[in-house]
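I have placed the structure first, in the form of structure tokens, so that the comments after it can refer back to it.
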Amino acid sequence: MSFMDVLLQAAALVFEPRVLITALLAGAFGMFVGAMPGLTATMATALLVPMTFFMEPIPALAAIVSASGMAIFAGDIPGALLRIPGTPASAAYVEDSYQLSMKGKLNLALGTNLLVSCIGGLFGVAVLIAAAPLLAEFALRFTSYEYFWLAALGLSCAIFIASADPLKAGIALLIGLALATVGLDPTTGVPRFTMGQVDLMAGVEFIPAMIGLFALAEVMRGVIRLNHATPPTPMPRNDGPLFRGVGGVIRRHPKNIARGSMMGTLIGALPGAGADIAAWMAYAVSKRFSKTPEKYGEGHVEGLVDASAANNAAVGGAWIPALVFGIPGDSVTAIVIGVLYMKGLNPGPTVFIQNPQLIYAVFMIFILTTLMMVPLGWAAVKAARQVLRVPSRVLLPIVLSFCIVGSFAMTNSVFGIVIMLALGLLGWLLEENGFPVAPIILGLVLGPMFERMFMTSMIKSGGDLGAFFDRPIAATLGVCVLLIWGLALFGALRRLRTRRATVRPT
Amino acid sequence: MTDLTKPTRRGLLQGAAAMSALGLLPAAAWAADYPSRPLTMLVPWGAGGGTDATARMISALLERKLGQPVNVVNRTGGAGVIGHSAIATAPADGYTLGIVTVEIAMMHHMGLTQLTPADYTPLGLMNADSPAVTLSADSEYKDIASLTEAIRASEPGTFKASGTAQGGIWHLALVGWLQALGLQPNHVTWVPSEGSAPAMQDLIAGGVDIVTVSLAETKAMVDAGRAVNLALMGTERTASHPDLPTLSEAGGGDFALATWRGVAGPKDLPEDVAVTISSALAEIAEDPEFVEFMNSRGFNIAYLDPAAHAQMMADADAQMAETMAAAGLVQG
Amino acid sequence: MKLTDALSGVLLMLLGLFMLWQAAQFPSFAGQPYGAALLPSILAGGLILGGTLLVVRDLLARRQAEGGVWLQLVPDLRAGGMPALLAVLANVLAQIWLAPRVGFIPVSAVGLLVLFLVLRLPAWVAAVLAVGTSFACWWLFAGLLRVPLPRGLLDGVL
């Protein structure tokens, strides 16, 4: 069977009305789930699983690919409109997109998100098609040592993201890491800080925490201001065509798009690290190498470009180890692998030889749904924009309702609401006192991986710290981390000395 | 007219319905029209995993047999404690059931919960899988006998194994095996991992030497030629891997263990409800769709009726108590 | 609520001490030299250090310029935001305590009605919106997304 035959067969499988309609419906569903604060791409996929039981393999995979990709983009929408990130992957740049909207540039923010997400997504697929086996081999070299340094690198992002007050940002990161230690210890299975509560054994569930820190705190601030004598300035209407000026942004930042896409694909391809971590790291790298790092967090579009490219590229990247070795790249592909097995498409190198037309059909679906994201996203933004016409005193209670059910949905119990409330109060209190809340999210995302990989490595090496540098990739990552911290400390010391020097003469 | 000397289930139910209508029996205890509204199937593990997939398949088939929706609800975290607690504390009306896994026989020994297998109404065991001893394809050991020999001869802590968290079922598989070999439980260092996939990854990357997880979890890597199964820690060979010897056959020591998944309700489920569900489960275990699904995932169907299910859980509880005590995992 | 940095610093130090005290009680595990207490203890140390730095920095700043108030309610809160804030919190707490017994829809409808009224919406608009939002949430999440929201009193009806 020639390559051309394979492609034709694959096309015949994909370009069938039933498959296309399934992808469209699943895409719309994914858009909706992603745009709801607290509902994630994983949840969208999990909800589709029972339906895929009774579908043919191709429509089943089309539904999952379509829904998960759309959900990652859609998470940007409530972030820009309400300062409430829809998915953890959008939390990294929520401040920038919201500030852009406050300046009347909502369209620029979401238009950029949409088009760059599409480009990043396509890049991820291209790598998946061209280099899946190669990258999967690379990913397989990662043991706990490499993962430890990766997590450390991720945490180091806080240095770059750190805002006006590095001390307070650092404390916020520590609080996030501390919250991540609640629950059963990952290595020994001992309950920590659970105060005898069974529910706390599961730890501080990440999504309800995010809803609390961002959404509930925002609702609380909102209602307090509403009854005030001088109501806050409302967000501008932000009408007009969605993509105006986006072309210019893309033309001015080709390097950012390439960098974000590459980082996203690579991080996505590592099992256990997904779109969330990719977005944070891409944002940090973007700020570090930007000519105008001081504008980040004030409504600057550059970081948005890097991070949106990265989180959608990670979606494709996560399929690499899943298809080649049956190792899930993230929680979505964990579900996908189950579906693949069920459909007799056992993942592994042989799947490329035994069922090439099916694999190429999957690739085609990927490309198709990524392109479909643009019109669907356009429609979603247009619909969501109507939210701005709704007066705050109507909107805020409705948002509150969605926060409550969204948190409930993550744990399937009222305990999710408890977490949301606690973290909402904490987030509100912290922001009132000038502590940024974004580093808490970073700590919650990376904390468990950081600790688990450290403990695992220590157990393996019998406590020998040198083992952290024994393997080539680990050593490279480790040196990067040490350099980042070294340079940051050196810079801080030098700033301190120059300040002393300027202060003394007076 | 129903023959009263030989009561059929339908006859009993009709009788009960009549009596309940006359107010002679509480309606809740004799819910003749059960199920009259949607059911909930609690799963103590996350969406996408093996237990979740099995639960969703069983629920889909149960839905067809009962004529009511069966919603799968994941209650995850706390190494299974939270989901198992939710099943045990649900109202015993038959509208909340759950998947009870091997962890119920382990968690209370670790002091994580008070719950034991006796806190449930077993309705039918659906699946049991034994772990295999799996090595990287690059490993110098090609059969279980030479590996066993090398482990015996090695300094404690030379070999490293992984597969799940500390005190998890696959850790106990290793501990039990080492005990059967007459070695200390920590002769091979256990490297905790967050499930089997990271452990397999670490095995291939060269971070650990041995992985003791189920065959289904090693399948992708074995098919890819990256890992080899040396022996099965079971009492007999499985249909899916007829060429894989058991430990005792291949001279790797005498030890067997299995992880299992069954459907259960809270304690003291009404008799007729239990009968309705367990007879449906017995049919599902032989349903071609279920069989095909389980085979495709590499899961071994091991159906046991409620009585045998209860007995098996009690036996497993005793075995776990012994193994865990040996591993120093028993708390409080 | 606005605290001065020195006060936040003291609170953080207390949090750190609490974590240290708890971590000291985590059991160590057989055959493992580093246990569950390692990272929490390091983090606790970090919090204590960070808190100390905050205190020192704030006290130094106070010595240079005359320091502000030690603790103050947010100005907006005094200006009439309090009832609204309480209504929001009451909604969340009711969903935690009442909803499992009474059910999601009634708790949500009544809670939202109160909140809308506190936010000075006309009564009939508030009523329509409260009931509408509650049913919409139920339909979307319990119906479409199969989230097991508490049915409560409406168990037989829905």
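Naming works like this for the structure tokens: A, B, ... for the chains as they're shown, residue 1 at the start of each chain, ligands 1 onward in shown order.
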Within 10 Å of segment 32-46 of chain C using only C-alpha atoms, minus same-chain residues under 3 positions, as a tab-separated table (two decimals) with N, CA and C atoms, in the first residue's frame:
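Contents of part.tsv, freshly written:
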chain	number	residue	atom	x	y	z
A	170	GLY	N	6.94	35.88	46.19
A	170	GLY	CA	7.59	34.68	46.71
A	170	GLY	C	6.76	34.04	47.81
A	171	ILE	N	6.22	34.88	48.69
A	171	ILE	CA	5.40	34.34	49.78
A	171	ILE	C	4.14	33.67	49.20
A	173	LEU	N	3.88	32.22	46.36
A	173	LEU	CA	4.30	30.93	45.80
A	173	LEU	C	4.44	29.89	46.91
A	174	LEU	N	5.03	30.31	48.03
A	174	LEU	CA	5.18	29.40	49.17
A	174	LEU	C	3.82	28.93	49.68
A	175	ILE	N	2.85	29.88	49.72
A	175	ILE	CA	1.51	29.50	50.17
A	175	ILE	C	0.91	28.47	49.22
A	177	LEU	N	2.55	26.32	47.34
A	177	LEU	CA	3.25	25.05	47.55
A	177	LEU	C	2.78	24.39	48.85
A	178	ALA	N	2.56	25.21	49.87
A	178	ALA	CA	2.11	24.66	51.15
A	178	ALA	C	0.72	24.05	51.00
A	179	LEU	N	-0.15	24.74	50.26
A	179	LEU	CA	-1.50	24.19	50.04
A	179	LEU	C	-1.42	22.86	49.30
A	180	ALA	N	-0.43	22.75	48.41
A	180	ALA	CA	-0.30	21.52	47.63
A	180	ALA	C	0.13	20.34	48.50
A	181	THR	N	0.66	20.60	49.70
A	181	THR	CA	1.09	19.47	50.54
A	181	THR	C	-0.07	18.89	51.36
A	182	VAL	N	-1.23	19.57	51.36
A	182	VAL	CA	-2.37	19.04	52.12
A	182	VAL	C	-2.85	17.75	51.45
A	184	LEU	N	-2.99	13.27	51.25
A	184	LEU	CA	-2.09	12.14	51.42
A	184	LEU	C	-0.76	12.43	50.77
A	185	ASP	N	0.32	12.21	51.50
A	185	ASP	CA	1.65	12.42	50.95
A	185	ASP	C	1.88	11.47	49.77
A	186	PRO	N	2.36	12.00	48.65
A	186	PRO	CA	2.47	11.17	47.45
A	186	PRO	C	3.42	9.99	47.59
A	187	THR	N	4.44	10.10	48.43
A	187	THR	CA	5.39	8.99	48.49
A	187	THR	C	5.09	8.03	49.62
A	188	THR	N	4.75	8.53	50.80
A	188	THR	CA	4.57	7.60	51.91
A	188	THR	C	3.11	7.27	52.19
A	189	GLY	N	2.18	8.05	51.63
A	189	GLY	CA	0.77	7.78	51.86
A	189	GLY	C	0.28	8.23	53.22
A	190	VAL	N	1.06	9.06	53.91
A	190	VAL	CA	0.65	9.57	55.22
A	190	VAL	C	-0.26	10.78	55.01
A	191	PRO	N	-1.36	10.89	55.77
A	191	PRO	CA	-2.18	12.10	55.64
A	191	PRO	C	-1.47	13.30	56.27
A	192	ARG	N	-1.50	14.43	55.56
A	192	ARG	CA	-0.84	15.64	56.09
A	192	ARG	C	-1.84	16.79	56.17
A	193	PHE	N	-1.83	17.51	57.25
A	193	PHE	CA	-2.67	18.69	57.45
A	193	PHE	C	-4.15	18.41	57.16
A	447	GLY	N	3.63	22.01	42.64
A	447	GLY	CA	4.05	21.52	43.94
A	447	GLY	C	4.09	20.00	44.04
A	450	PHE	N	6.87	18.51	41.92
A	450	PHE	CA	8.17	18.88	42.48
A	450	PHE	C	8.52	17.96	43.65
A	451	GLU	N	7.59	17.81	44.58
A	451	GLU	CA	7.87	17.02	45.78
A	451	GLU	C	8.02	15.54	45.44
A	454	PHE	N	11.26	14.81	43.72
A	454	PHE	CA	12.40	14.94	44.61
A	454	PHE	C	12.52	13.71	45.51
A	455	MET	N	11.40	13.34	46.12
A	455	MET	CA	11.44	12.20	47.04
A	455	MET	C	11.80	10.92	46.32
A	458	MET	N	15.44	10.89	45.62
A	458	MET	CA	16.24	10.66	46.82
A	458	MET	C	16.19	9.19	47.24
A	459	ILE	N	15.01	8.57	47.10
A	459	ILE	CA	14.89	7.16	47.46
A	459	ILE	C	15.76	6.32	46.53
A	462	GLY	N	19.45	6.88	47.23
A	462	GLY	CA	19.86	6.65	48.61
A	462	GLY	C	20.36	7.92	49.27
A	463	GLY	N	19.84	9.06	48.84
A	463	GLY	CA	20.18	10.32	49.51
A	463	GLY	C	21.37	11.04	48.91
B	186	ASN	N	12.30	-5.06	52.34
B	186	ASN	CA	12.94	-3.93	51.66
B	186	ASN	C	14.27	-4.33	51.02
B	189	THR	N	14.49	-2.08	46.85
B	189	THR	CA	13.95	-0.78	47.24
B	189	THR	C	12.71	-0.46	46.44
B	190	TRP	N	11.65	-0.04	47.12
B	190	TRP	CA	10.43	0.36	46.41
B	190	TRP	C	10.49	1.85	46.13
C	12	LEU	N	1.98	35.22	58.90
C	12	LEU	CA	2.70	34.22	58.11
C	12	LEU	C	3.66	33.43	58.99
C	13	MET	N	4.32	34.13	59.92
C	13	MET	CA	5.23	33.42	60.81
C	13	MET	C	4.46	32.41	61.66
C	14	LEU	N	3.27	32.81	62.11
C	14	LEU	CA	2.45	31.88	62.90
C	14	LEU	C	2.07	30.67	62.07
C	15	LEU	N	1.69	30.92	60.80
C	15	LEU	CA	1.35	29.82	59.90
C	15	LEU	C	2.53	28.87	59.75
C	16	GLY	N	3.71	29.44	59.57
C	16	GLY	CA	4.92	28.64	59.44
C	16	GLY	C	5.15	27.79	60.68
C	17	LEU	N	4.99	28.40	61.85
C	17	LEU	CA	5.20	27.66	63.10
C	17	LEU	C	4.19	26.52	63.22
C	18	PHE	N	2.94	26.82	62.85
C	18	PHE	CA	1.91	25.78	62.91
C	18	PHE	C	2.29	24.61	62.02
C	19	MET	N	2.77	24.92	60.80
C	19	MET	CA	3.15	23.84	59.88
C	19	MET	C	4.30	23.03	60.45
C	20	LEU	N	5.28	23.72	61.05
C	20	LEU	CA	6.42	23.00	61.65
C	20	LEU	C	5.93	22.05	62.73
C	21	TRP	N	5.01	22.56	63.58
C	21	TRP	CA	4.51	21.76	64.68
C	21	TRP	C	3.78	20.53	64.16
C	22	GLN	N	2.94	20.73	63.12
C	22	GLN	CA	2.21	19.60	62.53
C	22	GLN	C	3.18	18.61	61.89
C	23	ALA	N	4.13	19.15	61.12
C	23	ALA	CA	5.04	18.29	60.37
C	23	ALA	C	5.86	17.43	61.30
C	24	ALA	N	6.15	17.94	62.50
C	24	ALA	CA	6.94	17.17	63.45
C	24	ALA	C	6.20	15.90	63.85
C	25	GLN	N	4.87	15.90	63.69
C	25	GLN	CA	4.09	14.73	64.10
C	25	GLN	C	3.87	13.71	62.99
C	26	PHE	N	4.28	14.05	61.75
C	26	PHE	CA	4.10	13.08	60.67
C	26	PHE	C	4.94	11.85	60.95
C	27	PRO	N	4.34	10.67	60.84
C	27	PRO	CA	5.12	9.46	61.11
C	27	PRO	C	6.21	9.28	60.05
C	28	SER	N	7.33	8.77	60.47
C	28	SER	CA	8.36	8.45	59.48
C	28	SER	C	8.14	7.01	59.06
C	29	PHE	N	8.54	6.70	57.87
C	29	PHE	CA	8.22	5.39	57.33
C	29	PHE	C	9.41	4.44	57.34
C	49	LEU	N	10.67	32.88	57.33
C	49	LEU	CA	11.67	33.82	56.83
C	49	LEU	C	10.97	34.98	56.10
C	50	GLY	N	10.06	34.62	55.20
C	50	GLY	CA	9.33	35.65	54.44
C	50	GLY	C	8.56	36.58	55.36
C	51	GLY	N	7.91	36.00	56.36
C	51	GLY	CA	7.16	36.82	57.31
C	51	GLY	C	8.08	37.77	58.05
C	52	THR	N	9.25	37.25	58.48
C	52	THR	CA	10.20	38.09	59.20
C	52	THR	C	10.63	39.27	58.32
Filtered DSSP result for segment 80-282 of chain A, state alpha helix (DSSP H), as a PyMOL selection string: chain A and resi 80-82+94-102+106-140+144-161+166-180+206-210+217-226+246-252+254-269+275-282
Enumerate the residues of chain C with a DSSP assignment of strand (DSSP E or B), computed from the backbone, and present them as an MDAnalysis selection string. chainID C and resid 2:3 71:72
For the atom pair atom CA of Thr45 of chain A and atom CA of Asp330 of chain A, what is the interatomic distance in Å to one decimal place?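 Between atom CA of Thr45 of chain A and atom CA of Asp330 of chain A the gap works out to 11.9 Å.
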With distances taken over only C-alpha atoms, which of B:Ala285, B:Val73, B:Leu178, B:Ile58 is nearest to chain C?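 The shortest atom-to-atom distance to chain C comes from B:Val73.
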Tell me which protein, DNA and RNA residues are within 12 Å of Leu242 of chain A, counting only C-alpha atoms, leaving out same-chain ones fewer than 2 positions away, and put them as a PyMOL selection string. chain A and resi 105-115+238-240+244-247+374-375+377-383+385
Using only C-alpha atoms and a distance of at most 7 Å, pull out the residues of chain A that contact chain B, as number ranges by chain. A: 46, 50, 140-143, 183-184, 186-189, 198-199, 201-202, 325-327, 334-335, 338, 341-342, 344, 347-350, 411-412, 456, 459-460
Residues of the last selection are to be written out with N, CA and C atoms, as an mmCIF file, in the first residue's frame.
data_model
loop_
_atom_site.group_PDB
_atom_site.id
_atom_site.type_symbol
_atom_site.label_atom_id
_atom_site.label_comp_id
_atom_site.auth_asym_id
_atom_site.auth_seq_id
_atom_site.Cartn_x
_atom_site.Cartn_y
_atom_site.Cartn_z
ATOM 1 N N ALA A 46 -13.946 13.465 29.411
ATOM 2 C CA ALA A 46 -14.515 12.394 30.223
ATOM 3 C C ALA A 46 -16.011 12.243 29.955
ATOM 4 N N PRO A 50 -18.556 7.945 27.581
ATOM 5 C CA PRO A 50 -19.646 6.971 27.452
ATOM 6 C C PRO A 50 -20.253 6.973 26.053
ATOM 7 N N LEU A 140 11.046 9.490 26.612
ATOM 8 C CA LEU A 140 11.273 8.275 27.384
ATOM 9 C C LEU A 140 12.560 8.332 28.196
ATOM 10 N N ARG A 141 13.433 9.308 27.895
ATOM 11 C CA ARG A 141 14.672 9.414 28.673
ATOM 12 C C ARG A 141 14.432 10.080 30.014
ATOM 13 N N PHE A 142 13.231 10.586 30.230
ATOM 14 C CA PHE A 142 12.975 11.349 31.451
ATOM 15 C C PHE A 142 12.678 10.434 32.624
ATOM 16 N N THR A 143 13.572 10.442 33.612
ATOM 17 C CA THR A 143 13.293 9.755 34.866
ATOM 18 C C THR A 143 12.944 10.823 35.897
ATOM 19 N N GLY A 183 -3.226 16.781 52.259
ATOM 20 C CA GLY A 183 -3.730 15.525 51.702
ATOM 21 C C GLY A 183 -2.761 14.390 51.925
ATOM 22 N N LEU A 184 -2.986 13.272 51.255
ATOM 23 C CA LEU A 184 -2.090 12.135 51.424
ATOM 24 C C LEU A 184 -0.756 12.434 50.769
ATOM 25 N N PRO A 186 2.363 12.004 48.648
ATOM 26 C CA PRO A 186 2.467 11.167 47.450
ATOM 27 C C PRO A 186 3.417 9.991 47.592
ATOM 28 N N THR A 187 4.443 10.104 48.427
ATOM 29 C CA THR A 187 5.387 8.992 48.489
ATOM 30 C C THR A 187 5.093 8.026 49.624
ATOM 31 N N THR A 188 4.750 8.527 50.796
ATOM 32 C CA THR A 188 4.568 7.601 51.909
ATOM 33 C C THR A 188 3.109 7.270 52.189
ATOM 34 N N GLY A 189 2.180 8.048 51.627
ATOM 35 C CA GLY A 189 0.771 7.777 51.857
ATOM 36 C C GLY A 189 0.278 8.231 53.220
ATOM 37 N N VAL A 198 -11.902 13.396 56.258
ATOM 38 C CA VAL A 198 -11.704 12.446 55.168
ATOM 39 C C VAL A 198 -11.573 13.184 53.839
ATOM 40 N N ASP A 199 -12.434 14.201 53.621
ATOM 41 C CA ASP A 199 -12.424 14.899 52.339
ATOM 42 C C ASP A 199 -11.077 15.552 52.048
ATOM 43 N N MET A 201 -8.265 14.454 52.599
ATOM 44 C CA MET A 201 -7.239 13.506 52.168
ATOM 45 C C MET A 201 -6.957 13.650 50.680
ATOM 46 N N ALA A 202 -7.955 14.097 49.925
ATOM 47 C CA ALA A 202 -7.750 14.285 48.490
ATOM 48 C C ALA A 202 -6.954 15.548 48.214
ATOM 49 N N PHE A 325 3.801 5.106 22.612
ATOM 50 C CA PHE A 325 4.090 4.148 23.682
ATOM 51 C C PHE A 325 2.917 3.863 24.606
ATOM 52 N N GLY A 326 1.778 4.455 24.315
ATOM 53 C CA GLY A 326 0.647 4.223 25.195
ATOM 54 C C GLY A 326 0.822 4.865 26.558
ATOM 55 N N ILE A 327 1.722 5.862 26.656
ATOM 56 C CA ILE A 327 1.902 6.595 27.917
ATOM 57 C C ILE A 327 1.167 7.914 27.798
ATOM 58 N N ALA A 334 -4.867 10.357 28.639
ATOM 59 C CA ALA A 334 -5.085 9.156 29.452
ATOM 60 C C ALA A 334 -6.429 8.542 29.084
ATOM 61 N N ILE A 335 -7.412 9.404 28.878
ATOM 62 C CA ILE A 335 -8.733 8.921 28.491
ATOM 63 C C ILE A 335 -8.688 8.399 27.056
ATOM 64 N N GLY A 338 -7.480 4.850 26.649
ATOM 65 C CA GLY A 338 -8.533 3.894 26.949
ATOM 66 C C GLY A 338 -9.433 3.671 25.743
ATOM 67 N N TYR A 341 -7.660 1.606 22.994
ATOM 68 C CA TYR A 341 -7.652 0.177 23.286
ATOM 69 C C TYR A 341 -9.009 -0.437 22.979
ATOM 70 N N MET A 342 -10.039 0.298 23.387
ATOM 71 C CA MET A 342 -11.380 -0.236 23.229
ATOM 72 C C MET A 342 -11.716 -0.448 21.769
ATOM 73 N N GLY A 344 -9.631 -1.311 19.532
ATOM 74 C CA GLY A 344 -8.692 -2.230 18.913
ATOM 75 C C GLY A 344 -7.508 -1.549 18.265
ATOM 76 N N PRO A 347 -2.179 1.382 21.139
ATOM 77 C CA PRO A 347 -1.085 2.310 20.898
ATOM 78 C C PRO A 347 0.250 1.577 20.942
ATOM 79 N N GLY A 348 1.215 2.115 20.248
ATOM 80 C CA GLY A 348 2.525 1.484 20.171
ATOM 81 C C GLY A 348 3.068 1.718 18.780
ATOM 82 N N PRO A 349 4.365 1.464 18.578
ATOM 83 C CA PRO A 349 4.952 1.719 17.261
ATOM 84 C C PRO A 349 4.235 0.933 16.163
ATOM 85 N N THR A 350 3.673 -0.208 16.532
ATOM 86 C CA THR A 350 3.070 -1.055 15.512
ATOM 87 C C THR A 350 1.805 -0.441 14.924
ATOM 88 N N THR A 411 -15.367 17.872 42.330
ATOM 89 C CA THR A 411 -15.221 16.802 43.325
ATOM 90 C C THR A 411 -16.475 15.944 43.396
ATOM 91 N N ASN A 412 -17.531 16.348 42.676
ATOM 92 C CA ASN A 412 -18.825 15.688 42.786
ATOM 93 C C ASN A 412 -19.333 15.688 44.212
ATOM 94 N N THR A 456 11.179 10.720 45.127
ATOM 95 C CA THR A 456 11.476 9.517 44.347
ATOM 96 C C THR A 456 12.966 9.447 44.030
ATOM 97 N N ILE A 459 15.008 8.574 47.102
ATOM 98 C CA ILE A 459 14.891 7.161 47.458
ATOM 99 C C ILE A 459 15.761 6.323 46.528
ATOM 100 N N LYS A 460 15.733 6.673 45.242
ATOM 101 C CA LYS A 460 16.521 5.910 44.266
ATOM 102 C C LYS A 460 18.004 6.031 44.526
#
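Of the residues under consideration (C:Leu115, C:Leu85, C:Leu98, C:Ile48), C:Ile48 shows the shortest atom-to-atom contact distance to Gly9 of chain C when counting only C-alpha atoms.
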Would you list the contacts of Glu236 of chain B as a list in words, taking every protein, DNA or RNA residue within 10 Å and counting only C-alpha atoms, but skipping same-chain residues closer than 2 positions in sequence?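 Residues near the query, excluding close chain neighbours: Ser130, Leu232, Met233, Gly234, Thr238, Ala239, Pro242, Leu244, Pro245, Thr246, Leu247, Ser248, Glu249 and Ala256 of chain B.
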Could you please determine the separation between atom CA of Pro122 of chain B and atom CA of Thr101 of chain B in Å, to one decimal place?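 Going from atom CA of Pro122 of chain B over to atom CA of Thr101 of chain B covers 11.3 Å.
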Do you know which residues are at most 10 Å from Leu135 of chain A counting only C-alpha atoms, after dropping those on the same chain fewer than 5 positions away, and could you put them as a PDB file with N, CA and C atoms, in the first residue's frame?
ATOM      1  N   VAL A 127       4.399  18.547  14.264  1.00  0.00           N
ATOM      2  CA  VAL A 127       5.453  17.797  14.939  1.00  0.00           C
ATOM      3  C   VAL A 127       4.983  16.368  15.211  1.00  0.00           C
ATOM      4  N   LEU A 128       3.728  16.245  15.618  1.00  0.00           N
ATOM      5  CA  LEU A 128       3.164  14.917  15.883  1.00  0.00           C
ATOM      6  C   LEU A 128       3.291  14.034  14.640  1.00  0.00           C
ATOM      7  N   ALA A 130       5.340  14.553  11.941  1.00  0.00           N
ATOM      8  CA  ALA A 130       6.685  14.397  11.385  1.00  0.00           C
ATOM      9  C   ALA A 130       7.624  13.663  12.335  1.00  0.00           C
ATOM     10  N   LEU A 140      11.046   9.490  26.612  1.00  0.00           N
ATOM     11  CA  LEU A 140      11.273   8.275  27.384  1.00  0.00           C
ATOM     12  C   LEU A 140      12.560   8.332  28.196  1.00  0.00           C
ATOM     13  N   THR A 265       4.919  22.113  22.463  1.00  0.00           N
ATOM     14  CA  THR A 265       4.967  20.755  21.949  1.00  0.00           C
ATOM     15  C   THR A 265       5.877  19.891  22.809  1.00  0.00           C
ATOM     16  N   LEU A 266       7.056  20.430  23.133  1.00  0.00           N
ATOM     17  CA  LEU A 266       8.030  19.659  23.913  1.00  0.00           C
ATOM     18  C   LEU A 266       7.478  19.313  25.292  1.00  0.00           C
ATOM     19  N   ALA A 269       4.730  16.879  25.167  1.00  0.00           N
ATOM     20  CA  ALA A 269       5.141  15.513  24.853  1.00  0.00           C
ATOM     21  C   ALA A 269       5.667  14.785  26.085  1.00  0.00           C
ATOM     22  N   LEU A 270       6.067  15.536  27.127  1.00  0.00           N
ATOM     23  CA  LEU A 270       6.540  14.875  28.340  1.00  0.00           C
ATOM     24  C   LEU A 270       5.341  14.365  29.110  1.00  0.00           C
ATOM     25  N   GLY A 317       1.104  17.871  21.302  1.00  0.00           N
ATOM     26  CA  GLY A 317       2.292  17.241  21.858  1.00  0.00           C
ATOM     27  C   GLY A 317       1.967  16.074  22.766  1.00  0.00           C
ATOM     28  N   ILE A 320       1.862  12.544  21.435  1.00  0.00           N
ATOM     29  CA  ILE A 320       3.057  11.863  20.941  1.00  0.00           C
ATOM     30  C   ILE A 320       3.370  10.617  21.765  1.00  0.00           C
ATOM     31  N   PRO A 321       3.631  10.738  23.085  1.00  0.00           N
ATOM     32  CA  PRO A 321       3.910   9.513  23.832  1.00  0.00           C
ATOM     33  C   PRO A 321       2.695   8.587  23.904  1.00  0.00           C
ATOM     34  N   VAL A 324       2.689   6.623  20.520  1.00  0.00           N
ATOM     35  CA  VAL A 324       3.859   5.800  20.264  1.00  0.00           C
ATOM     36  C   VAL A 324       4.061   4.745  21.352  1.00  0.00           C
TER      37      VAL A 324
END
Contacts of Pro293 of chain A at 12 Å or less, counting only C-alpha atoms, minus same-chain residues fewer than 5 places along, as a count of residues only? 17
Excluding Val94 of chain A and residues on its chain fewer than 3 positions from it, collect all residues at most 10 Å away from it, counting only C-alpha atoms, and give them as a PyMOL selection string. chain A and resi 75-86+89-91+97-100+214+297+299+304+438
Could you check how far atom CA of Ala131 of chain A sits from atom CA of Ala361 of chain A, in Å to one decimal?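 Computing it gives 16.8 Å between the two atoms.
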